[in-house]
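Enquirer: The structure that follows is given in the form of structure tokens.
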Amino acid sequence: MSQQAVRQAARRSALDAQAILRKERADRERRLEALAVAVLTALGERDALVRDAERRAGQALRTMTDNEGLSVREAVDWCCSSVTLREITRLLRLDGGHPGGQNHASDERQAEPAERGVE
């Protein structure tokens, strides 16, 4: 085999190896892109479910405070302290404003020192 033929065969072999690596990288990139989309889709679905659950909790709390006449502190007690005063206030804000907002805000201010363990 001539020197030129050897050189051409080596070059062809190197180019083939590079093509295989390029294809493997492209395949991996496509897999990673698909996986990233799957991650972001799942997180978006989770966020939507959390928003819906929090909205429903806020509606139930709004009914407790508006229709049943409970203070925010009493709503905390009815929830067996599974929810903090701060969390209930946040959930009520998610549900939107209501006419008695000032009374509930004063309930929160009065209860905050007790929640922190300050008497």
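In the structure tokens, chains take letters A, B, ... by order of appearance, with residues numbered from 1 within each chain and ligands from 1 in the order shown.
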Considering only C-alpha atoms, return as JSON, numbers by chain whatever protein or nucleic-acid residues lie within 8 Å of segment 88-98 of chain A, sequence-local ones (same chain, fewer than 5 positions apart) excluded.

Expert: {"A": [54, 55, 57, 58, 59, 61, 62, 72, 76, 83, 108]}

Enquirer: Got a sec to tell me which of chain A DSSP assigns to alpha helix (DSSP H), as a ChimeraX atom specification?

Expert: /A:3-62,72-78,85-94,101-115

Enquirer: Give me the residues within 9 Å of Ala75 of chain A as a count of residues only, counting only C-alpha atoms and dropping any in the same chain fewer than 4 places off.

Expert: 10
